[in-house]
Structures are given as structure tokens and as C-alpha cells.
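Asks: Quick one, input_29.cif (mmCIF, C-alpha atoms and all ligand atoms):
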```cif
data_my_file
#
loop_
_atom_site.label_atom_id
_atom_site.label_comp_id
_atom_site.auth_asym_id
_atom_site.auth_seq_id
_atom_site.Cartn_x
_atom_site.Cartn_y
_atom_site.Cartn_z
CA MET A 1 0.25 -15.43 -9.61
CA VAL A 2 0.69 -17.93 -6.79
CA VAL A 3 -1.15 -21.20 -7.41
CA LEU A 4 -2.05 -23.95 -4.95
CA GLY A 5 -2.09 -27.40 -6.58
CA ILE A 6 -4.15 -30.31 -5.29
CA GLU A 7 -3.78 -33.94 -6.39
CA THR A 8 -5.99 -36.82 -5.18
CA SER A 9 -6.48 -39.03 -8.27
CA CYS A 10 -5.20 -42.24 -6.68
CA ASP A 11 -3.56 -42.95 -3.31
CA GLU A 12 -1.32 -39.92 -2.86
CA THR A 13 -2.77 -36.88 -1.09
CA SER A 14 -0.68 -33.99 -2.32
CA ALA A 15 -0.62 -30.18 -2.22
CA ALA A 16 1.95 -27.81 -3.72
CA VAL A 17 2.57 -24.10 -4.21
CA TYR A 18 3.92 -22.71 -7.50
CA ASP A 19 4.70 -19.01 -7.82
CA GLY A 20 5.08 -18.70 -11.59
CA GLU A 21 8.81 -19.39 -11.51
CA ARG A 22 9.39 -22.28 -9.19
CA LEU A 23 7.80 -24.78 -6.88
CA LEU A 24 7.86 -23.38 -3.35
CA SER A 25 6.56 -26.64 -1.85
CA ASN A 26 5.37 -30.06 -2.96
CA VAL A 27 3.97 -32.07 -0.04
CA ILE A 28 2.97 -35.69 -0.64
CA PHE A 29 1.24 -37.95 1.82
CA SER A 30 1.36 -41.53 0.58
CA GLN A 31 -1.50 -43.76 1.70
CA VAL A 32 0.43 -46.91 0.82
CA ASP A 33 0.26 -48.26 4.40
CA PHE A 34 -3.57 -48.19 4.31
CA HIS A 35 -3.75 -50.18 1.07
CA ARG A 36 -0.85 -52.63 1.46
CA VAL A 37 -2.90 -55.30 3.30
CA PHE A 38 -5.35 -55.36 0.36
CA GLY A 39 -2.57 -55.69 -2.24
CA GLY A 40 -3.90 -52.69 -4.19
CA VAL A 41 -5.63 -49.33 -3.84
CA VAL A 42 -9.15 -49.53 -2.34
CA PRO A 43 -11.00 -46.51 -3.82
CA GLU A 44 -13.33 -45.96 -0.83
CA ILE A 45 -10.44 -46.00 1.66
CA ALA A 46 -8.44 -43.69 -0.61
CA ALA A 47 -11.32 -41.17 -0.81
CA ARG A 48 -11.81 -41.21 2.98
CA GLU A 49 -8.11 -40.71 3.66
CA HIS A 50 -7.91 -37.85 1.14
CA LEU A 51 -10.67 -36.13 3.08
CA ASN A 52 -8.77 -36.64 6.36
CA LYS A 53 -5.41 -35.56 5.03
CA LEU A 54 -6.21 -32.73 2.58
CA PRO A 55 -6.45 -29.94 5.21
CA VAL A 56 -3.19 -31.11 6.82
CA VAL A 57 -1.29 -31.42 3.54
CA VAL A 58 -2.58 -28.04 2.26
CA ASP A 59 -1.55 -26.31 5.51
CA GLU A 60 1.90 -27.87 5.29
CA ALA A 61 2.33 -26.88 1.62
CA LEU A 62 1.38 -23.27 2.44
CA SER A 63 3.59 -23.03 5.50
CA LYS A 64 6.60 -24.57 3.67
CA ALA A 65 6.05 -21.97 0.93
CA GLY A 66 5.82 -19.22 3.56
CA MET A 67 2.34 -18.29 2.26
CA GLY A 68 -1.14 -17.84 3.66
CA PHE A 69 -4.47 -18.43 1.90
CA GLY A 70 -4.69 -14.67 1.28
CA GLN A 71 -1.68 -14.72 -1.04
CA LEU A 72 -3.12 -17.35 -3.39
CA GLY A 73 -4.17 -16.15 -6.84
CA GLY A 74 -5.62 -19.46 -8.04
CA ILE A 75 -6.13 -23.15 -7.38
CA ALA A 76 -5.28 -26.06 -9.68
CA VAL A 77 -6.84 -29.47 -9.09
CA THR A 78 -6.81 -32.83 -10.86
CA TYR A 79 -10.25 -33.64 -12.32
CA GLY A 80 -9.23 -36.82 -14.19
CA PRO A 81 -8.21 -39.43 -15.08
CA GLY A 82 -8.19 -41.47 -11.88
CA LEU A 83 -10.45 -43.12 -9.32
CA ALA A 84 -13.90 -41.51 -9.12
CA GLY A 85 -14.23 -41.14 -5.32
CA PRO A 86 -10.71 -39.83 -4.77
CA LEU A 87 -11.07 -37.36 -7.70
CA ILE A 88 -14.42 -36.06 -6.39
CA THR A 89 -12.90 -35.51 -2.93
CA GLY A 90 -10.06 -33.31 -4.21
CA LEU A 91 -12.23 -31.48 -6.74
CA SER A 92 -14.93 -30.66 -4.16
CA TYR A 93 -12.29 -29.45 -1.72
CA ALA A 94 -10.70 -27.21 -4.37
CA LYS A 95 -14.07 -25.78 -5.48
CA ALA A 96 -15.02 -24.96 -1.88
CA LEU A 97 -11.66 -23.30 -1.24
CA ALA A 98 -11.80 -21.27 -4.47
CA TYR A 99 -15.36 -20.16 -3.65
CA ALA A 100 -14.44 -19.14 -0.11
CA LEU A 101 -11.28 -17.28 -1.21
CA LYS A 102 -13.03 -15.76 -4.27
CA ILE A 103 -10.21 -16.85 -6.60
CA PRO A 104 -10.31 -18.80 -9.92
CA PHE A 105 -9.57 -22.50 -10.13
CA ALA A 106 -8.54 -24.77 -12.98
CA GLY A 107 -9.40 -28.44 -13.40
CA VAL A 108 -6.19 -30.13 -14.58
CA ASN A 109 -5.77 -33.27 -16.68
CA HIS A 110 -3.46 -35.53 -14.64
CA LEU A 111 -1.89 -36.96 -17.82
CA GLU A 112 -1.10 -33.52 -19.20
CA ALA A 113 0.49 -32.67 -15.83
CA HIS A 114 2.72 -35.76 -16.03
CA LEU A 115 3.62 -34.87 -19.61
CA LEU A 116 4.64 -31.31 -18.67
CA SER A 117 6.35 -32.19 -15.35
CA PRO A 118 9.90 -32.25 -16.86
CA PHE A 119 9.56 -28.46 -17.41
CA LEU A 120 9.68 -28.06 -13.62
CA GLU A 121 13.13 -29.57 -13.41
CA PHE A 122 14.99 -28.90 -16.66
CA LYS A 123 15.62 -25.39 -17.93
CA GLU A 124 16.52 -26.80 -21.36
CA MET A 125 13.05 -28.37 -21.79
CA ALA A 126 11.23 -26.92 -24.79
CA PHE A 127 8.51 -27.67 -27.32
CA PRO A 128 8.35 -29.65 -29.51
CA PHE A 129 9.24 -32.89 -27.75
CA ILE A 130 8.35 -36.57 -27.65
CA GLY A 131 6.62 -37.14 -24.32
CA VAL A 132 6.52 -40.61 -22.80
CA VAL A 133 3.98 -41.01 -19.98
CA VAL A 134 4.49 -44.34 -18.23
CA SER A 135 2.36 -44.71 -15.12
CA GLY A 136 0.13 -47.16 -13.29
CA GLY A 137 -2.80 -46.39 -15.58
CA HIS A 138 -1.19 -45.25 -18.84
CA THR A 139 1.59 -45.96 -21.31
CA ASN A 140 1.29 -43.22 -23.88
CA ILE A 141 3.72 -41.54 -26.23
CA TYR A 142 2.82 -38.07 -27.48
CA PHE A 143 4.28 -35.57 -29.88
CA ALA A 144 3.92 -32.32 -27.93
CA ARG A 145 4.01 -29.16 -30.07
CA GLY A 146 2.86 -26.66 -27.46
CA ILE A 147 0.60 -26.31 -24.42
CA GLY A 148 -2.61 -28.16 -25.24
CA GLU A 149 -1.23 -29.36 -28.59
CA TYR A 150 -0.56 -33.05 -28.16
CA GLU A 151 -0.68 -35.80 -30.74
CA LEU A 152 -1.02 -39.33 -29.37
CA ILE A 153 1.47 -41.50 -31.27
CA ALA A 154 1.32 -44.73 -29.25
CA GLN A 155 -0.66 -46.23 -26.40
CA THR A 156 -1.06 -49.56 -24.70
CA ARG A 157 -3.67 -51.98 -26.01
CA ASP A 158 -4.00 -53.75 -22.66
CA ASP A 159 -2.09 -53.22 -19.40
CA ALA A 160 -0.17 -50.05 -18.63
CA ALA A 161 3.56 -50.51 -17.90
CA GLY A 162 3.10 -49.76 -14.18
CA GLU A 163 0.11 -52.08 -13.99
CA ALA A 164 2.24 -54.86 -15.53
CA PHE A 165 4.90 -54.23 -12.86
CA ASP A 166 2.25 -54.37 -10.12
CA LYS A 167 0.65 -57.58 -11.45
CA ALA A 168 4.00 -59.30 -12.08
CA ALA A 169 5.08 -58.43 -8.52
CA LYS A 170 2.00 -60.18 -7.15
CA MET A 171 2.77 -63.31 -9.20
CA MET A 172 6.36 -63.29 -7.96
CA GLY A 173 5.23 -62.89 -4.35
CA LEU A 174 6.97 -59.50 -4.09
CA PRO A 175 5.52 -56.86 -1.75
CA TYR A 176 3.12 -54.08 -2.69
CA PRO A 177 3.67 -51.61 -4.34
CA GLY A 178 4.98 -53.71 -7.21
CA GLY A 179 7.06 -51.28 -9.29
CA PRO A 180 9.67 -50.43 -6.66
CA SER A 181 9.82 -54.01 -5.31
CA VAL A 182 10.31 -55.56 -8.77
CA SER A 183 13.06 -53.06 -9.59
CA ALA A 184 14.76 -53.73 -6.22
CA ALA A 185 14.62 -57.51 -6.83
CA ALA A 186 15.82 -57.05 -10.43
CA LYS A 187 18.92 -55.27 -9.19
CA GLU A 188 20.00 -58.52 -7.49
CA GLY A 189 19.03 -60.73 -10.45
CA ASP A 190 20.81 -62.04 -13.54
CA THR A 191 19.27 -60.68 -16.76
CA LYS A 192 20.79 -63.45 -18.87
CA LYS A 193 19.19 -66.47 -17.20
CA ILE A 194 15.67 -66.01 -18.58
CA ILE A 195 14.54 -64.21 -21.72
CA PHE A 196 10.91 -63.24 -21.96
CA PRO A 197 9.54 -62.65 -25.45
CA GLN A 198 8.86 -59.13 -26.57
CA ALA A 199 5.35 -58.40 -27.72
CA GLN A 200 5.09 -58.49 -31.51
CA MET A 201 2.44 -56.12 -32.74
CA LYS A 202 1.33 -57.15 -36.21
CA ALA A 203 -0.92 -54.21 -36.97
CA LYS A 204 0.72 -51.02 -38.09
CA GLY A 205 1.40 -48.28 -35.60
CA PHE A 206 3.52 -48.08 -32.50
CA ASP A 207 1.10 -49.36 -29.83
CA PHE A 208 2.24 -51.35 -26.80
CA SER A 209 1.04 -54.62 -25.33
CA PHE A 210 2.24 -55.78 -21.94
CA SER A 211 -0.18 -58.61 -21.22
CA GLY A 212 2.01 -61.10 -23.16
CA ILE A 213 5.05 -60.38 -20.98
CA LYS A 214 2.90 -60.74 -17.88
CA THR A 215 1.53 -64.10 -19.04
CA ALA A 216 5.06 -65.27 -19.88
CA VAL A 217 6.04 -64.57 -16.25
CA LEU A 218 3.04 -66.54 -14.99
CA TYR A 219 3.82 -69.58 -17.17
CA TYR A 220 7.50 -69.41 -16.31
CA LEU A 221 6.72 -69.49 -12.59
CA GLN A 222 4.26 -72.38 -13.01
CA ARG A 223 6.60 -74.48 -15.17
CA ASN A 224 9.83 -73.89 -13.29
CA ARG A 225 8.78 -74.42 -9.69
CA LYS A 226 11.45 -77.11 -9.19
CA LYS A 227 14.25 -74.96 -10.58
CA LEU A 228 13.15 -72.11 -8.31
CA GLU A 229 12.98 -74.39 -5.26
CA ALA A 230 16.41 -75.84 -6.07
CA GLY A 231 17.85 -72.33 -6.34
CA GLU A 232 18.91 -72.78 -9.99
CA VAL A 233 17.03 -69.59 -10.74
CA SER A 234 15.71 -67.05 -8.28
CA ILE A 235 12.76 -64.65 -8.17
CA ASN A 236 15.36 -61.91 -8.58
CA ASP A 237 16.30 -63.43 -11.97
CA VAL A 238 12.62 -63.50 -13.01
CA ALA A 239 12.23 -59.86 -11.91
CA ALA A 240 15.36 -58.85 -13.85
CA ALA A 241 14.14 -60.60 -17.02
CA PHE A 242 10.66 -59.08 -16.69
CA GLN A 243 12.01 -55.56 -16.15
CA LYS A 244 14.35 -55.96 -19.12
CA ALA A 245 11.44 -57.04 -21.36
CA VAL A 246 9.28 -54.06 -20.37
CA VAL A 247 12.14 -51.58 -20.73
CA ARG A 248 13.10 -53.06 -24.10
CA ALA A 249 9.49 -52.69 -25.31
CA VAL A 250 9.44 -48.97 -24.44
CA VAL A 251 12.92 -48.26 -25.85
CA ASN A 252 12.26 -50.20 -29.08
CA ARG A 253 8.98 -48.38 -29.67
CA LEU A 254 10.78 -45.08 -29.25
CA ARG A 255 13.52 -46.18 -31.62
CA ALA A 256 10.88 -47.03 -34.23
CA ILE A 257 9.15 -43.67 -33.70
CA LEU A 258 12.44 -41.79 -34.04
CA ALA A 259 13.00 -43.47 -37.40
CA VAL A 260 10.00 -41.61 -38.82
CA ARG A 261 9.73 -38.53 -36.58
CA GLU A 262 12.26 -35.79 -36.18
CA ALA A 263 12.74 -34.80 -32.56
CA GLY A 264 15.43 -33.23 -30.43
CA ILE A 265 13.99 -34.00 -27.00
CA ILE A 266 12.44 -37.01 -25.29
CA ALA A 267 10.79 -36.24 -21.95
CA VAL A 268 9.73 -39.13 -19.73
CA SER A 269 7.30 -38.93 -16.83
CA GLY A 270 4.91 -40.97 -14.67
CA GLY A 271 5.63 -43.45 -11.89
CA VAL A 272 7.49 -45.98 -14.07
CA ALA A 273 9.95 -43.23 -15.06
CA ALA A 274 11.29 -43.76 -11.51
CA ASN A 275 12.71 -47.05 -12.80
CA LYS A 276 16.52 -46.77 -12.98
CA CYS A 277 16.93 -49.41 -15.68
CA LEU A 278 14.45 -47.56 -17.93
CA LYS A 279 16.25 -44.28 -17.30
CA GLU A 280 19.64 -45.79 -18.15
CA GLU A 281 18.42 -47.42 -21.36
CA LEU A 282 16.69 -44.21 -22.48
CA GLU A 283 19.85 -42.25 -21.81
CA LYS A 284 21.78 -44.72 -24.00
CA LEU A 285 19.17 -44.23 -26.73
CA GLY A 286 19.64 -40.48 -26.38
CA VAL A 287 23.40 -40.78 -26.92
CA GLU A 288 22.86 -43.16 -29.87
CA LYS A 289 20.33 -40.85 -31.58
CA LYS A 290 21.92 -37.58 -30.41
CA ILE A 291 18.72 -36.56 -28.65
CA ARG A 292 18.38 -35.00 -25.21
CA VAL A 293 16.50 -37.20 -22.76
CA PHE A 294 14.90 -35.64 -19.67
CA VAL A 295 13.69 -37.83 -16.82
CA PRO A 296 12.66 -35.89 -13.70
CA SER A 297 13.67 -36.91 -10.19
CA LEU A 298 11.57 -39.43 -8.27
CA LEU A 299 9.34 -36.87 -6.52
CA LEU A 300 8.22 -35.37 -9.84
CA CYS A 301 7.85 -38.75 -11.60
CA THR A 302 5.28 -40.26 -9.26
CA ASP A 303 1.97 -38.56 -8.43
CA ASN A 304 2.49 -35.10 -6.94
CA ALA A 305 0.61 -31.80 -6.78
CA GLY A 306 3.64 -29.85 -8.03
CA MET A 307 2.93 -30.87 -11.62
CA ILE A 308 -0.77 -30.03 -11.11
CA ALA A 309 0.04 -26.54 -9.75
CA TYR A 310 2.41 -25.92 -12.68
CA THR A 311 -0.07 -27.08 -15.37
CA GLY A 312 -2.96 -25.20 -13.74
CA TYR A 313 -0.79 -22.07 -13.59
CA LEU A 314 -0.19 -22.20 -17.37
CA TYR A 315 -3.94 -22.20 -18.02
CA LEU A 316 -4.92 -19.71 -15.29
CA LYS A 317 -2.26 -17.29 -16.57
CA LYS A 318 -4.06 -17.31 -19.94
CA GLY A 319 -7.36 -16.63 -18.18
CA LYS A 320 -8.59 -20.18 -18.71
CA SER A 321 -10.32 -21.20 -15.50
CA SER A 322 -13.02 -23.81 -14.80
CA ASP A 323 -16.52 -23.14 -13.55
CA MET A 324 -18.22 -24.74 -10.54
CA GLY A 325 -20.09 -27.15 -12.85
CA ILE A 326 -16.94 -29.11 -13.73
CA GLU A 327 -17.15 -32.76 -12.69
CA ALA A 328 -14.58 -35.49 -12.11
CA VAL A 329 -13.87 -37.51 -15.27
CA PRO A 330 -12.28 -40.86 -14.30
CA GLU A 331 -11.62 -41.85 -17.96
CA LEU A 332 -10.31 -38.46 -19.09
CA LYS A 333 -7.91 -38.62 -22.08
CA ILE A 334 -5.59 -36.10 -23.67
O1 LIG B 1 2.29 -41.93 -11.90
P1 LIG B 1 1.99 -42.84 -10.77
O2 LIG B 1 2.56 -42.48 -9.42
O3 LIG B 1 0.46 -43.05 -10.61
C1 LIG B 1 -0.41 -43.12 -11.71
O4 LIG B 1 -0.80 -42.05 -12.23
O5 LIG B 1 -0.68 -44.27 -12.12
O6 LIG B 1 2.52 -44.29 -11.20
C2 LIG B 1 2.39 -45.39 -10.35
C3 LIG B 1 2.97 -46.61 -11.04
C4 LIG B 1 2.70 -47.90 -10.27
O7 LIG B 1 2.18 -48.87 -11.16
C5 LIG B 1 4.07 -48.29 -9.74
O8 LIG B 1 4.23 -49.69 -9.59
C6 LIG B 1 4.98 -47.73 -10.81
O9 LIG B 1 4.40 -46.49 -11.16
N1 LIG B 1 6.35 -47.54 -10.32
C7 LIG B 1 7.42 -48.19 -10.82
C8 LIG B 1 8.53 -47.77 -10.05
N2 LIG B 1 8.09 -46.89 -9.09
C9 LIG B 1 6.75 -46.75 -9.29
N3 LIG B 1 7.53 -49.06 -11.83
C10 LIG B 1 8.75 -49.53 -12.12
N4 LIG B 1 9.86 -49.20 -11.41
C11 LIG B 1 9.80 -48.34 -10.38
N5 LIG B 1 10.91 -48.02 -9.71
ZN ZN B 2 0.04 -40.40 -12.21
#
```
Show me this structure written as C-alpha cells.
Replies:
Amino acid sequence: MVVLGIETSCDETSAAVYDGERLLSNVIFSQVDFHRVFGGVVPEIAAREHLNKLPVVVDEALSKAGMGFGQLGGIAVTYGPGLAGPLITGLSYAKALAYALKIPFAGVNHLEAHLLSPFLEFKEMAFPFIGVVVSGGHTNIYFARGIGEYELIAQTRDDAAGEAFDKAAKMMGLPYPGGPSVSAAAKEGDTKKIIFPQAQMKAKGFDFSFSGIKTAVLYYLQRNRKKLEAGEVSINDVAAAFQKAVVRAVVNRLRAILAVREAGIIAVSGGVAANKCLKEELEKLGVEKKIRVFVPSLLLCTDNAGMIAYTGYLYLKKGKSSDMGIEAVPELKI
């Protein structure tokens, strides 16, 4: 069955074609230029641009795959979590297309799609695995036993890792979007000049907290203006120390989880998985614990319809489709 995937949960308009074995296309139109002047995603603008770009992106995904609408056997579309307007735009488009083509469609949980995205790239991926979803809206660690069988082991109590990157970038005066610009600055910085404290969670469990690291950056910048002006420390050093603190928090939580959970695979996904420092530290953890670590390439880490097409395919193949009554769920959880 050939499935068309559609993703519009935030500011990427994306369409992809999956044929049951591989991704034939994965077209992503980033709206970043529309939102940059506002320093963040404006939901109304995002929804409007999705509407403008969806037909173009879908046509391109089909033509790259060498397919026409007539060859599609199903449609997969993100129905949550995400921004309400953008989700409704993609969902309505997918429903209309499925109705017109008389084919089934599946509403896909964006988080589940991130979690399963490493299967698209690594043949050795298998259940069970520890899945780390680190994105702009979520920092969750799951124990994944099978499709639809996910146990949430850890989550963030405040900011998501990507959100912390975005907010810290703003404080440091680094350009939007924050994640890539902080990691670029960090590459030029010295990680030994500043040490930000790691969040200490007193309650039991493995949950994350990133607001403390973010506040530490704010205070550091306020209290060390002279040092920064004199060039004794640079914004690159602050970025390097911040990135190190966030990466250490994720790696240490995983180390603690591995002490009590047996696992042979860690699979990482979501926009923050594009961070090279995180990837390197996780790979070191993998060597230390003799565990395979899978981090997909950039295109599959950040928001893309390829992972939606793949996840939707798994459900459609089992005959599990959605009905026209399905609505967008901005706060959808796994
Ligand atoms: O998965 P994603 O594309 O969208 C959501 O579902 O949220 O993740 C976007 C997040 C943003 O917060 C962005 O700043 C972060 O991923 N990000 C990064 C990097 N590239 C993107 N964070 C750290 N380092 C990066 N290289
Ligand atoms: Zn995402």
C-alpha cells in the first residue's frame, strides 16, 4: 500500500510518500523565514502558509515518488500534538483528499511518529527499545515494547529541551531558530570557562527540568556583563556551557534509567537529536554500556512527513483507519 503522509503541526509544511518498504519522497517546506522577524512561530501565519503550500508540497512529493493520486492506497496525517490552527489545516486537507480519492486515512500522533522514525533509517532497529524524544515541545523517554505499546519513563516538568535551546538563544542574542544557532556558537566556545549547575530532582523518578539551566544562563549574562564586554568570556562560551549542561542532563538521566532497565537499543529522535554534541555523548554512552544507539539523520530528526507516512502505514496496514469525525488534539499525549 502506498501512503501519502502530511505534516503541519508547527512551522514545517511537509508531504511524503512511503510504499511499505521505503520512503520514495520526503518534501519539507520550512516557514522559518516568515516567523524569524517575530522571534518565534506565529500560529495564524503558520496555518495560512500551510494552506498556501500544502498543494505545492503534495504535488512535489508525488512527482518525486513517480506517483499520481490514483496510486495512493491511504493517507496519514498528524492530528496532534501541535498548534491548533496548523493541525486543523493539515487534517482538513487530508480528510478532503481521502474523501475525494475514496481511500482510508489515519490520524497520526506526531510524538509516536518521532519515536518510530529511527526505523526508517536503521535496518537493525527493533523492539523493545528505549526511545528518547527531544523536540521543541517534548522531552520524553519511553520504553517501547511494540507498535502502540509505549511506557513513559521520564518527561520534563517544565521546558522541553528544544524550548530551552530556543529561549537561551534569545537571551544570548543569537538568531532564531535557537537550537541550530546555539549549537553553532557552542562549537566555537570553550566548555571549561563556565559551568552551569545540573538540575537536581529531589523527588523519585527520572523526570527532567530545564528551567533551572535557563535561569542560570540569564543570571550569568546579567552578572557578567563587564567580563563579556572585555572579551574575557564570549557568548560562544556561554552557549557551549549551556549545551553541555542540557546534554549532560539527558545523558545522565539515561544512565540512571539503564541502571534499572535492561535494554539493548536507545533510539533518539526529535529536533534536538540534530544536535551533534548530544549525538556524540549518546554514542559514548552506548560504547560504555554496550548498547546500540540510533540517531537518524537531520531530515528525519526534525519535523517531516516521512515519519508520519511510515507510522500511518503501520496502522492502515492493520486496517486501523480514522473516521471523518476525528479532530485535531493540540495536547495529544502518547
Ligand atoms: O521536532 P522538531 O522539529 O519540532 C517539534 O516537534 O517541536 O524540534 C524543533 C526543536 C526546536 O526547539 C529547535 O531549536 C531544536 O529542535 N533544534 C535543535 C537543533 N536543531 C533543532 N536543538 C539543539 N541543537 C540543534 N542542532
Ligand atoms: Zn516534532
Asks: Show me which residues are within 9 Å of ligand LIG 1 (chain B) counting all atoms listed in the file, and format the list as JSON, numbers by chain.
Replies: {"A": [9, 10, 11, 12, 81, 82, 110, 111, 114, 133, 134, 135, 136, 137, 138, 160, 161, 162, 163, 164, 165, 166, 167, 169, 176, 177, 178, 179, 180, 181, 182, 183, 184, 243, 269, 270, 271, 272, 273, 274, 275, 276, 277, 278, 298, 301, 302, 303, 304]}
Asks: Please determine, counting only C-alpha atoms, which residue among A:Lys64, A:Lys170, A:Arg255, A:Lys53 has the shortest atom-to-atom distance to A:Gly39.
Replies: A:Lys170
Asks: Interatomic distance between atom CA of A:Gly73 and atom CA of A:Val3?
Replies: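 Separation of atom CA of A:Gly73 and atom CA of A:Val3: 5.9 Å.
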Asks: Considering all atoms listed in the file, can you say which of A:Leu218, A:Ala113, A:Ala84, A:Met1 comes closest to ligand ZN 2 (chain B)?
Replies: A:Ala113
Asks: Taking (-7.0, -42.6, -3.5) as a centre in this file's frame and 8 Å as the limit, can you find every polymer residue with an atom that close, using all atoms listed in the file, and give them as a list in words?
Replies: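 It turns out the residues near that spot are Thr8, Ser9, Cys10, Asp11, Glu12, Thr13, Gln31, Val41, Val42, Pro43, Glu44, Ile45, Ala46, Ala47, Glu49, His50, Leu83, Gly85, Pro86 and Leu87 of chain A.
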